[in-house]
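Participant: Provided herewith is a single structure, encoded as structure tokens, for subsequent inquiry.
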Amino acid sequence: MLWLKACPKCGGDLTLERSLWERTISCLQCGRMLRPDEEAQLGIPKEERWPRRAA
């Protein structure tokens with residue numbers, strides 16, 4: 001997923017990256033990783049935010 005011009009630091013583009021162990025949202029231009037409260041401002045549902053609870 002991609003958010004255009006949504007980085008709170010530089011106004012760059014944010015991208016969602018997933019692996020087996022984690023999920024991060026970071027800026028393509030400056031490399032900043034978002035905090036959970038900043039993810040909430042993007043409108044990401046609470047169950048999709050990091051850290052996720054084990055099922």
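Scheme for the structure tokens: letters A, B, ... for chains in order shown; per-chain residue numbers from 1; ligand numbers from 1 in order shown.
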Just the residues within 10 Å of segment 34-45 of chain A, please, counting only C-alpha atoms, with nothing from its chain fewer than 5 positions along; format it as a list in words.
Facilitator: Trp3, Ala6, Cys7, Pro8, Lys9, Leu14, Thr24, Ile25, Ser26, Cys27, Trp50 and Pro51 of chain A
Participant: Using DSSP on the backbone coordinates, identify all residues within chain A classified as helix (DSSP H, G or I); present the result as a tab-separated table (two decimals) with C-alpha atoms, in the first residue's frame.
Facilitator:
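Result file follows (selection_5.tsv):
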```tsv
chain	number	residue	atom	x	y	z
A	36	PRO	CA	1.33	3.70	16.13
A	37	ASP	CA	-0.41	7.03	16.84
A	38	GLU	CA	0.68	8.36	13.43
A	39	GLU	CA	-0.60	5.17	11.78
A	40	ALA	CA	-3.98	5.85	13.37
A	41	GLN	CA	-4.06	9.27	11.70
A	46	LYS	CA	-6.76	-0.84	14.84
A	47	GLU	CA	-6.54	-4.58	14.14
A	48	GLU	CA	-4.06	-3.91	11.30
```
Participant: Atom CA of Gly31 of chain A and atom CA of Glu17 of chain A, how far apart in Å?
Facilitator: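 One can read the atom CA of Glu17 of chain A to atom CA of Gly31 of chain A distance as 12.3 Å.
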Participant: Give me, please, the distance in Å between atom CA of Cys10 of chain A and atom CA of Gln29 of chain A, quoted to one decimal.
Facilitator: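 Result for atom CA of Cys10 of chain A versus atom CA of Gln29 of chain A: 7.8 Å, one decimal.
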Participant: Looking only at strand (DSSP E or B) from DSSP on the backbone, list the matching residues of chain A as a short mmCIF file (atom, residue, chain, number, x, y, z; two decimals) with C-alpha atoms, in the first residue's frame.
Facilitator:
```cif
data_model
loop_
_atom_site.label_atom_id
_atom_site.label_comp_id
_atom_site.auth_asym_id
_atom_site.auth_seq_id
_atom_site.Cartn_x
_atom_site.Cartn_y
_atom_site.Cartn_z
CA LEU A 2 1.19 3.52 -0.73
CA TRP A 3 0.21 6.89 0.74
CA LEU A 14 4.76 6.33 2.67
CA THR A 15 4.89 2.62 1.91
CA LEU A 16 3.69 -0.44 3.81
CA GLU A 17 6.21 -3.27 4.13
CA ARG A 18 5.38 -6.67 5.63
CA ARG A 23 4.91 -4.69 9.53
CA THR A 24 6.25 -1.18 9.05
CA ILE A 25 5.12 2.00 7.38
CA SER A 26 8.06 4.12 6.29
CA CYS A 27 8.81 7.07 4.06
CA MET A 33 9.14 4.93 10.32
#
```
